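Chemist: Here you go, this is upload02.pdb (PDB, C-alpha atoms).
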ATOM      1  CA  MET A1023     -17.454  -3.506  23.764
ATOM      2  CA  ASP A1024     -17.306  -6.796  21.844
ATOM      3  CA  LYS A1025     -14.333  -7.435  19.598
ATOM      4  CA  VAL A1026     -15.722  -7.719  16.073
ATOM      5  CA  ALA A1027     -13.735  -8.269  12.878
ATOM      6  CA  VAL A1028     -14.636  -8.507   9.213
ATOM      7  CA  VAL A1029     -12.305 -10.528   6.996
ATOM      8  CA  THR A1030     -12.970 -10.197   3.279
ATOM      9  CA  GLY A1031     -12.154 -13.194   1.129
ATOM     10  CA  GLY A1032     -12.121 -15.253   4.303
ATOM     11  CA  SER A1033     -13.225 -18.605   2.914
ATOM     12  CA  ARG A1034      -9.805 -20.048   2.092
ATOM     13  CA  GLY A1035      -6.037 -19.549   2.055
ATOM     14  CA  ILE A1036      -4.653 -16.543   3.892
ATOM     15  CA  GLY A1037      -8.121 -15.160   4.607
ATOM     16  CA  ARG A1038      -9.201 -18.395   6.268
ATOM     17  CA  ALA A1039      -6.063 -18.450   8.423
ATOM     18  CA  ILE A1040      -6.672 -14.840   9.485
ATOM     19  CA  ALA A1041     -10.300 -15.526  10.372
ATOM     20  CA  LEU A1042      -9.318 -18.520  12.507
ATOM     21  CA  GLU A1043      -6.483 -16.647  14.242
ATOM     22  CA  LEU A1044      -8.705 -13.677  15.098
ATOM     23  CA  ALA A1045     -11.296 -16.070  16.503
ATOM     24  CA  VAL A1046      -8.598 -17.570  18.741
ATOM     25  CA  GLN A1047      -7.877 -14.032  19.941
ATOM     26  CA  GLY A1048     -11.504 -13.594  21.008
ATOM     27  CA  PHE A1049     -12.971 -11.791  18.011
ATOM     28  CA  LYS A1050     -16.401 -12.390  16.600
ATOM     29  CA  VAL A1051     -15.544 -12.905  12.941
ATOM     30  CA  ALA A1052     -17.599 -12.122   9.853
ATOM     31  CA  VAL A1053     -16.221 -14.344   7.095
ATOM     32  CA  ASN A1054     -16.875 -12.629   3.792
ATOM     33  CA  TYR A1055     -17.032 -14.565   0.548
ATOM     34  CA  ARG A1056     -18.169 -13.892  -2.994
ATOM     35  CA  SER A1057     -18.961 -17.357  -4.370
ATOM     36  CA  GLN A1058     -17.344 -19.961  -2.099
ATOM     37  CA  GLU A1059     -20.279 -20.344   0.285
ATOM     38  CA  ALA A1060     -19.535 -23.924   1.301
ATOM     39  CA  GLN A1061     -15.936 -23.104   2.160
ATOM     40  CA  ALA A1062     -16.967 -19.998   4.105
ATOM     41  CA  GLN A1063     -19.470 -22.034   6.097
ATOM     42  CA  LYS A1064     -16.734 -24.544   6.927
ATOM     43  CA  VAL A1065     -14.624 -21.723   8.363
ATOM     44  CA  VAL A1066     -17.604 -20.562  10.415
ATOM     45  CA  GLU A1067     -18.240 -24.102  11.670
ATOM     46  CA  THR A1068     -14.577 -24.461  12.626
ATOM     47  CA  ILE A1069     -14.697 -21.235  14.629
ATOM     48  CA  ARG A1070     -17.912 -22.262  16.364
ATOM     49  CA  GLY A1071     -16.362 -25.637  17.121
ATOM     50  CA  MET A1072     -13.571 -23.755  18.900
ATOM     51  CA  GLY A1073     -16.166 -21.965  21.018
ATOM     52  CA  GLY A1074     -16.066 -18.734  19.051
ATOM     53  CA  GLU A1075     -18.687 -16.715  17.197
ATOM     54  CA  ALA A1076     -18.724 -16.308  13.432
ATOM     55  CA  MET A1077     -20.990 -15.710  10.482
ATOM     56  CA  ALA A1078     -20.577 -16.078   6.728
ATOM     57  CA  VAL A1079     -21.498 -12.969   4.740
ATOM     58  CA  GLN A1080     -21.803 -12.984   0.968
ATOM     59  CA  ALA A1081     -20.675  -9.827  -0.837
ATOM     60  CA  HIS A1082     -18.689  -8.848  -3.894
ATOM     61  CA  VAL A1083     -16.344  -6.244  -2.440
ATOM     62  CA  ALA A1084     -16.288  -4.282  -5.719
ATOM     63  CA  SER A1085     -20.048  -3.700  -5.435
ATOM     64  CA  ASN A1086     -21.015  -0.785  -3.219
ATOM     65  CA  ARG A1087     -24.513  -2.223  -2.755
ATOM     66  CA  ASP A1088     -23.083  -5.568  -1.598
ATOM     67  CA  VAL A1089     -20.628  -3.874   0.762
ATOM     68  CA  GLU A1090     -23.352  -1.731   2.299
ATOM     69  CA  GLU A1091     -25.533  -4.795   2.840
ATOM     70  CA  MET A1092     -22.630  -6.702   4.394
ATOM     71  CA  ALA A1093     -21.900  -3.862   6.808
ATOM     72  CA  LYS A1094     -25.563  -3.625   7.735
ATOM     73  CA  ARG A1095     -25.828  -7.351   8.486
ATOM     74  CA  VAL A1096     -22.709  -7.463  10.636
ATOM     75  CA  LYS A1097     -23.569  -4.319  12.592
ATOM     76  CA  GLU A1098     -27.135  -5.472  13.206
ATOM     77  CA  ALA A1099     -25.833  -8.757  14.590
ATOM     78  CA  TRP A1100     -22.843  -7.581  16.605
ATOM     79  CA  GLY A1101     -22.673  -3.803  16.694
ATOM     80  CA  PHE A1102     -19.427  -1.878  16.256
ATOM     81  CA  VAL A1103     -16.877  -3.359  13.851
ATOM     82  CA  GLY A1104     -13.452  -2.372  15.121
ATOM     83  CA  VAL A1105     -11.292  -4.459  12.805
ATOM     84  CA  LEU A1106     -11.366  -4.734   9.025
ATOM     85  CA  VAL A1107      -9.018  -7.050   7.157
ATOM     86  CA  ASN A1108      -9.086  -6.380   3.421
ATOM     87  CA  ASN A1109      -7.968  -9.729   2.070
ATOM     88  CA  ALA A1110     -10.215 -10.385  -0.944
ATOM     89  CA  GLY A1111      -8.221 -10.532  -4.150
ATOM     90  CA  ILE A1112      -8.105 -12.174  -7.556
ATOM     91  CA  THR A1113      -5.632 -12.709 -10.393
ATOM     92  CA  LYS A1114      -6.214 -12.593 -14.136
ATOM     93  CA  ASP A1115      -2.696 -13.107 -15.458
ATOM     94  CA  ASN A1116      -1.643 -12.253 -18.988
ATOM     95  CA  ILE A1117       1.206 -10.411 -20.664
ATOM     96  CA  LEU A1118       0.258  -6.801 -21.303
ATOM     97  CA  VAL A1119      -0.034  -6.986 -25.109
ATOM     98  CA  ARG A1120      -2.585  -9.785 -24.733
ATOM     99  CA  MET A1121      -4.343  -8.538 -21.616
ATOM    100  CA  LYS A1122      -8.021  -7.882 -22.147
ATOM    101  CA  GLU A1123      -9.570  -4.749 -20.749
ATOM    102  CA  GLU A1124     -11.893  -6.815 -18.560
ATOM    103  CA  GLU A1125      -8.887  -8.680 -17.102
ATOM    104  CA  TRP A1126      -7.429  -5.343 -16.050
ATOM    105  CA  ASP A1127     -10.737  -3.978 -14.766
ATOM    106  CA  GLN A1128     -11.762  -7.053 -12.787
ATOM    107  CA  VAL A1129      -8.454  -7.241 -10.910
ATOM    108  CA  LEU A1130      -8.334  -3.525 -10.115
ATOM    109  CA  GLU A1131     -11.986  -3.495  -9.063
ATOM    110  CA  THR A1132     -11.692  -6.394  -6.636
ATOM    111  CA  ASN A1133      -8.180  -5.812  -5.328
ATOM    112  CA  LEU A1134      -8.179  -2.014  -5.052
ATOM    113  CA  LYS A1135     -11.696  -0.616  -5.403
ATOM    114  CA  GLY A1136     -12.883  -3.310  -2.982
ATOM    115  CA  VAL A1137     -10.471  -2.028  -0.344
ATOM    116  CA  PHE A1138     -11.732   1.524  -0.912
ATOM    117  CA  LEU A1139     -15.401   0.541  -0.567
ATOM    118  CA  CYS A1140     -14.942  -1.670   2.493
ATOM    119  CA  SER A1141     -12.661   0.780   4.275
ATOM    120  CA  ARG A1142     -15.010   3.683   3.576
ATOM    121  CA  ILE A1143     -18.076   1.928   4.977
ATOM    122  CA  PHE A1144     -16.487   0.623   8.184
ATOM    123  CA  ILE A1145     -14.204   3.537   8.997
ATOM    124  CA  LYS A1146     -17.131   5.857   9.707
ATOM    125  CA  ASP A1147     -17.991   4.071  12.952
ATOM    126  CA  MET A1148     -14.308   3.712  13.831
ATOM    127  CA  MET A1149     -13.945   7.480  13.598
ATOM    128  CA  LYS A1150     -16.907   7.997  15.924
ATOM    129  CA  ALA A1151     -15.481   5.480  18.385
ATOM    130  CA  ARG A1152     -11.990   6.967  18.010
ATOM    131  CA  TRP A1153     -10.557   3.465  17.651
ATOM    132  CA  GLY A1154     -10.096   1.019  14.834
ATOM    133  CA  ARG A1155      -7.747  -1.226  12.907
ATOM    134  CA  ILE A1156      -7.562  -1.681   9.143
ATOM    135  CA  VAL A1157      -5.132  -4.163   7.614
ATOM    136  CA  SER A1158      -4.990  -4.729   3.857
ATOM    137  CA  ILE A1159      -3.255  -7.683   2.263
ATOM    138  CA  SER A1160      -0.922  -6.442  -0.454
ATOM    139  CA  SER A1161       1.817  -8.562  -2.050
ATOM    140  CA  VAL A1162       5.524  -8.473  -2.760
ATOM    141  CA  ILE A1163       4.476  -8.480  -6.431
ATOM    142  CA  GLY A1164       3.336  -4.899  -5.895
ATOM    143  CA  MET A1165       6.903  -4.055  -4.873
ATOM    144  CA  MET A1166       8.907  -6.259  -7.257
ATOM    145  CA  GLY A1167       6.680  -6.624 -10.288
ATOM    146  CA  ASN A1168       6.213  -9.914 -12.131
ATOM    147  CA  PRO A1169       5.849 -10.717 -15.836
ATOM    148  CA  GLY A1170       2.243 -11.364 -16.797
ATOM    149  CA  GLN A1171       0.873  -9.605 -13.731
ATOM    150  CA  THR A1172       0.802  -5.896 -14.554
ATOM    151  CA  ASN A1173      -2.815  -5.698 -13.394
ATOM    152  CA  TYR A1174      -2.165  -7.565 -10.134
ATOM    153  CA  ALA A1175       1.069  -5.661  -9.449
ATOM    154  CA  ALA A1176      -0.675  -2.332 -10.051
ATOM    155  CA  SER A1177      -3.524  -3.241  -7.705
ATOM    156  CA  LYS A1178      -1.207  -4.370  -4.922
ATOM    157  CA  ALA A1179       1.108  -1.371  -5.327
ATOM    158  CA  GLY A1180      -1.970   0.839  -5.208
ATOM    159  CA  LEU A1181      -2.803  -0.606  -1.801
ATOM    160  CA  VAL A1182       0.492   0.723  -0.474
ATOM    161  CA  GLY A1183      -0.314   4.320  -1.430
ATOM    162  CA  PHE A1184      -3.894   3.934  -0.217
ATOM    163  CA  THR A1185      -2.693   2.606   3.146
ATOM    164  CA  ARG A1186      -0.218   5.411   3.752
ATOM    165  CA  ALA A1187      -2.633   8.166   2.748
ATOM    166  CA  LEU A1188      -5.504   6.800   4.830
ATOM    167  CA  ALA A1189      -3.217   6.256   7.824
ATOM    168  CA  LYS A1190      -2.427   9.976   7.819
ATOM    169  CA  GLU A1191      -6.108  10.909   7.466
ATOM    170  CA  VAL A1192      -7.327   8.947  10.495
ATOM    171  CA  ALA A1193      -4.366   8.732  12.886
ATOM    172  CA  SER A1194      -5.768  11.534  15.045
ATOM    173  CA  ARG A1195      -8.892   9.405  15.589
ATOM    174  CA  GLY A1196      -6.944   6.507  17.094
ATOM    175  CA  ILE A1197      -7.229   4.346  13.977
ATOM    176  CA  THR A1198      -4.257   2.462  12.558
ATOM    177  CA  VAL A1199      -4.031   1.485   8.895
ATOM    178  CA  ASN A1200      -1.391  -0.948   7.707
ATOM    179  CA  ALA A1201      -0.636  -3.339   4.868
ATOM    180  CA  VAL A1202       0.914  -6.782   4.908
ATOM    181  CA  ALA A1203       2.785  -7.939   1.808
ATOM    182  CA  PRO A1204       3.157 -11.727   1.657
ATOM    183  CA  GLY A1205       5.657 -13.430  -0.616
ATOM    184  CA  TYR A1206       5.232 -17.017  -1.798
ATOM    185  CA  ILE A1207       2.767 -18.590   0.622
ATOM    186  CA  GLU A1208       1.773 -22.272   0.657
ATOM    187  CA  THR A1209      -1.777 -22.132  -0.707
ATOM    188  CA  GLU A1210      -3.913 -23.931  -3.293
ATOM    189  CA  MET A1211      -2.030 -21.953  -5.944
ATOM    190  CA  THR A1212       1.420 -23.231  -4.972
ATOM    191  CA  GLN A1213       0.154 -26.780  -4.398
ATOM    192  CA  GLY A1214      -0.835 -26.978  -8.063
ATOM    193  CA  LEU A1215       2.607 -26.023  -9.365
ATOM    194  CA  SER A1216       5.008 -28.531 -10.864
ATOM    195  CA  GLN A1217       8.047 -29.586  -8.858
ATOM    196  CA  LYS A1218      10.311 -27.815 -11.362
ATOM    197  CA  VAL A1219       8.465 -24.514 -10.939
ATOM    198  CA  LYS A1220       8.447 -24.909  -7.150
ATOM    199  CA  GLU A1221      12.198 -25.476  -7.098
ATOM    200  CA  ALA A1222      12.753 -22.384  -9.241
ATOM    201  CA  MET A1223      10.628 -20.300  -6.879
ATOM    202  CA  LEU A1224      12.335 -21.692  -3.790
ATOM    203  CA  GLY A1225      15.688 -20.798  -5.304
ATOM    204  CA  THR A1226      14.764 -17.099  -5.071
ATOM    205  CA  ILE A1227      13.835 -17.255  -1.370
ATOM    206  CA  PRO A1228      16.757 -16.820   1.051
ATOM    207  CA  LEU A1229      15.013 -18.862   3.758
ATOM    208  CA  GLY A1230      14.521 -21.660   1.226
ATOM    209  CA  ARG A1231      10.870 -22.401   1.907
ATOM    210  CA  PHE A1232       7.374 -21.142   1.253
ATOM    211  CA  GLY A1233       5.579 -19.286   4.017
ATOM    212  CA  SER A1234       2.400 -20.533   5.629
ATOM    213  CA  PRO A1235      -0.952 -18.714   5.771
ATOM    214  CA  GLU A1236      -0.711 -18.951   9.548
ATOM    215  CA  GLU A1237       2.505 -16.918   9.572
ATOM    216  CA  VAL A1238       0.710 -14.109   7.768
ATOM    217  CA  ALA A1239      -2.266 -14.453  10.102
ATOM    218  CA  LYS A1240      -0.080 -14.087  13.198
ATOM    219  CA  LEU A1241       1.248 -10.758  11.934
ATOM    220  CA  VAL A1242      -2.241  -9.491  11.147
ATOM    221  CA  SER A1243      -3.355 -10.554  14.619
ATOM    222  CA  PHE A1244      -0.505  -8.561  16.168
ATOM    223  CA  LEU A1245      -1.309  -5.443  14.126
ATOM    224  CA  VAL A1246      -4.965  -5.412  15.208
ATOM    225  CA  SER A1247      -4.141  -6.049  18.867
ATOM    226  CA  SER A1248      -3.304  -3.483  21.525
ATOM    227  CA  HIS A1249       0.366  -4.382  21.012
ATOM    228  CA  GLY A1250       0.230  -2.989  17.470
ATOM    229  CA  GLY A1251      -1.261   0.335  18.458
ATOM    230  CA  TYR A1252       1.834   2.410  17.631
ATOM    231  CA  ILE A1253       2.278   1.006  14.136
ATOM    232  CA  THR A1254       0.467   2.770  11.300
ATOM    233  CA  GLY A1255       0.990   3.539   7.628
ATOM    234  CA  GLN A1256       3.425   0.658   7.273
ATOM    235  CA  VAL A1257       3.885  -2.154   4.786
ATOM    236  CA  LEU A1258       5.142  -5.243   6.590
ATOM    237  CA  VAL A1259       6.698  -7.873   4.353
ATOM    238  CA  VAL A1260       6.353 -11.608   5.032
ATOM    239  CA  ASP A1261       8.438 -13.140   2.280
ATOM    240  CA  GLY A1262      11.349 -15.203   3.592
ATOM    241  CA  GLY A1263      13.732 -12.511   2.353
ATOM    242  CA  ILE A1264      12.780 -12.519  -1.335
ATOM    243  CA  THR A1265      12.723  -8.708  -1.519
ATOM    244  CA  LEU A1266      16.149  -8.272   0.076
TER     245      LEU A1266
END
Render the structure in this file as structure tokens.
Modeler:
Amino acid sequence: MDKVAVVTGGSRGIGRAIALELAVQGFKVAVNYRSQEAQAQKVVETIRGMGGEAMAVQAHVASNRDVEEMAKRVKEAWGFVGVLVNNAGITKDNILVRMKEEEWDQVLETNLKGVFLCSRIFIKDMMKARWGRIVSISSVIGMMGNPGQTNYAASKAGLVGFTRALAKEVASRGITVNAVAPGYIETEMTQGLSQKVKEAMLGTIPLGRFGSPEEVAKLVSFLVSSHGGYITGQVLVVDGGITL
């Protein structure tokens, strides 16, 4: 059976790093994107340049129709999808008294409903095969909270409960379900911050540095491998000690 993985939000940042790492581990990788087609294609080209197999698949994870079409395309091309990495996520920051209803809805739909829709569509075949791996990317913000991010924090905290409940539902079928909660990771977001803000953030991290997307990707790779087969229902934190 071929090793096939779907990585949502795989066009950049942590998702890109995960897609590349899984390709190194021998997976055929479907790189999902919503609007960043050019960046997704670059990830695919990079994987193919490494000798791997990949495809870019457009879908808004909060749309059931899009998710169904994505699953159909990947399965028609490669067959059984044994690994799903729910990475797609957005932010719409605002303090609560100024937060618009659509800012709340959009974040919860992408970050939480998207995980529900993608997990539901791919887990059916995993249950038949009695094997599968689902990893969802949460955040330390879902554990700590953060001013101006009630919507984001709620969505990422929701992933924790979702992960633990689903893990119990499907453990008897040989499927593991885990979440990874990154802290401050060096991405486009952190690169755009002022030096003063960066120094303030670094001051809260015991290890004194930002993490890299590759460090998150390595953990995801371990969880979906045979070595991670006895780990399920867990939230693994990659944060340099910020939640200590």
Chemist: Just say which residues the PyMOL selection byres ((chain A and resi 1077) around 12) picks in this file, as a PyMOL selection string.
Modeler: chain A and resi 1026-1029+1032-1033+1041+1045+1049-1055+1059+1062-1070+1074-1076+1078-1080+1092+1095-1097+1099-1100
Chemist: Show which residues sit within 9 Å of Ser1085 of chain A, as a count of residues only. Count all atoms listed in the file, and ignore same-chain residues fewer than 2 positions away.
Modeler: 12
Chemist: Apply the PyMOL selection byres ((chain A and resi 1159) around 10) to the file shown and report the selected residues as a list in words.
Modeler: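 Those residues are Ile1036, Gly1037, Val1107, Asn1108, Asn1109, Ala1110, Gly1111, Asn1133, Val1137, Val1157, Ser1158, Ser1160, Ser1161, Lys1178, Leu1181, Val1182, Asn1200, Ala1201, Val1202, Ala1203, Pro1204, Val1238, Val1242, Val1257 and Leu1258 of chain A.
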Chemist: Skip Gln1128 of chain A itself and residues of its chain fewer than 6 positions away, then list as a VMD selection string all residues within 9 Å of it, counting all atoms listed in the file.
Modeler: chain A and resid 1084 1112 to 1114
Chemist: Using all atoms listed in the file, can you tell me which of A:Ile1227, A:Leu1134, A:Val1103, A:Val1259 comes closest to Gly1183 of chain A?
Modeler: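 Closest to Gly1183 of chain A of all the choices is A:Leu1134.
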Chemist: Figure out the distance between atom CA of Gly1073 of chain A and atom CA of Gly1104 of chain A, please, to one decimal in Å.
Modeler: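 Atom CA of Gly1073 of chain A lies 20.6 Å from atom CA of Gly1104 of chain A.
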Chemist: To test your reading of the syntax: which residues would the PyMOL selection byres ((chain A and resi 1149) around 12) return for the file shown? Reply as an mmCIF file with C-alpha atoms, in the frame of the given file.
Modeler:
data_model
loop_
_atom_site.group_PDB
_atom_site.id
_atom_site.type_symbol
_atom_site.label_atom_id
_atom_site.label_comp_id
_atom_site.auth_asym_id
_atom_site.auth_seq_id
_atom_site.Cartn_x
_atom_site.Cartn_y
_atom_site.Cartn_z
ATOM 1 C CA PHE A 1102 -19.427 -1.878 16.256
ATOM 2 C CA VAL A 1103 -16.877 -3.359 13.851
ATOM 3 C CA GLY A 1104 -13.452 -2.372 15.121
ATOM 4 C CA SER A 1141 -12.661 0.780 4.275
ATOM 5 C CA ARG A 1142 -15.010 3.683 3.576
ATOM 6 C CA ILE A 1143 -18.076 1.928 4.977
ATOM 7 C CA PHE A 1144 -16.487 0.623 8.184
ATOM 8 C CA ILE A 1145 -14.204 3.537 8.997
ATOM 9 C CA LYS A 1146 -17.131 5.857 9.707
ATOM 10 C CA ASP A 1147 -17.991 4.071 12.952
ATOM 11 C CA MET A 1148 -14.308 3.712 13.831
ATOM 12 C CA LYS A 1150 -16.907 7.997 15.924
ATOM 13 C CA ALA A 1151 -15.481 5.480 18.385
ATOM 14 C CA ARG A 1152 -11.990 6.967 18.010
ATOM 15 C CA TRP A 1153 -10.557 3.465 17.651
ATOM 16 C CA GLY A 1154 -10.096 1.019 14.834
ATOM 17 C CA ARG A 1155 -7.747 -1.226 12.907
ATOM 18 C CA GLU A 1191 -6.108 10.909 7.466
ATOM 19 C CA VAL A 1192 -7.327 8.947 10.495
ATOM 20 C CA ALA A 1193 -4.366 8.732 12.886
ATOM 21 C CA SER A 1194 -5.768 11.534 15.045
ATOM 22 C CA ARG A 1195 -8.892 9.405 15.589
ATOM 23 C CA GLY A 1196 -6.944 6.507 17.094
ATOM 24 C CA ILE A 1197 -7.229 4.346 13.977
ATOM 25 C CA THR A 1198 -4.257 2.462 12.558
#
Chemist: Rank A:Gly1071, A:Gly1262, A:Gly1101, A:Gly1230 by their smallest atom-to-atom distance to Val1162 of chain A, using all atoms listed in the file, and report the top residue only.
Modeler: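 Counting all atoms listed in the file, the residue closest to Val1162 of chain A is A:Gly1262.
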Chemist: Go through A:Ile1156, A:Leu1229, A:Ala1176, A:Ala1093 one by one, measure the shortest atom-to-atom distance of each to Leu1130 of chain A using only C-alpha atoms, and give the residue with the smallest value.
Modeler: A:Ala1176
Chemist: Would you pick out the contacts of Thr1209 of chain A at 12 Å or less, using all atoms listed in the file, so that residues sharing its chain but fewer than 5 positions from it are not included, and give the list as a ChimeraX atom specification?
Modeler: /A:1034-1039,1204,1214-1215,1232-1236,1238
Chemist: Find the distance between atom CA of Met1165 of chain A and atom CA of Ala1179 of chain A and write it in Å to one decimal.
Modeler: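 Separation between atom CA of Met1165 of chain A and atom CA of Ala1179 of chain A: 6.4 Å.
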Chemist: Could you tell me how far atom CA of Phe1184 of chain A lies from atom CA of Phe1244 of chain A, in Å and to one decimal?
Modeler: 20.9 Å
Chemist: Measuring between all atoms listed in the file, which one of A:Ala1175, A:Ala1189, A:Val1260, A:Leu1106 shows the shortest distance to Leu1118 of chain A?
Modeler: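 Ranked by minimum distance to Leu1118 of chain A, first place goes to A:Ala1175.
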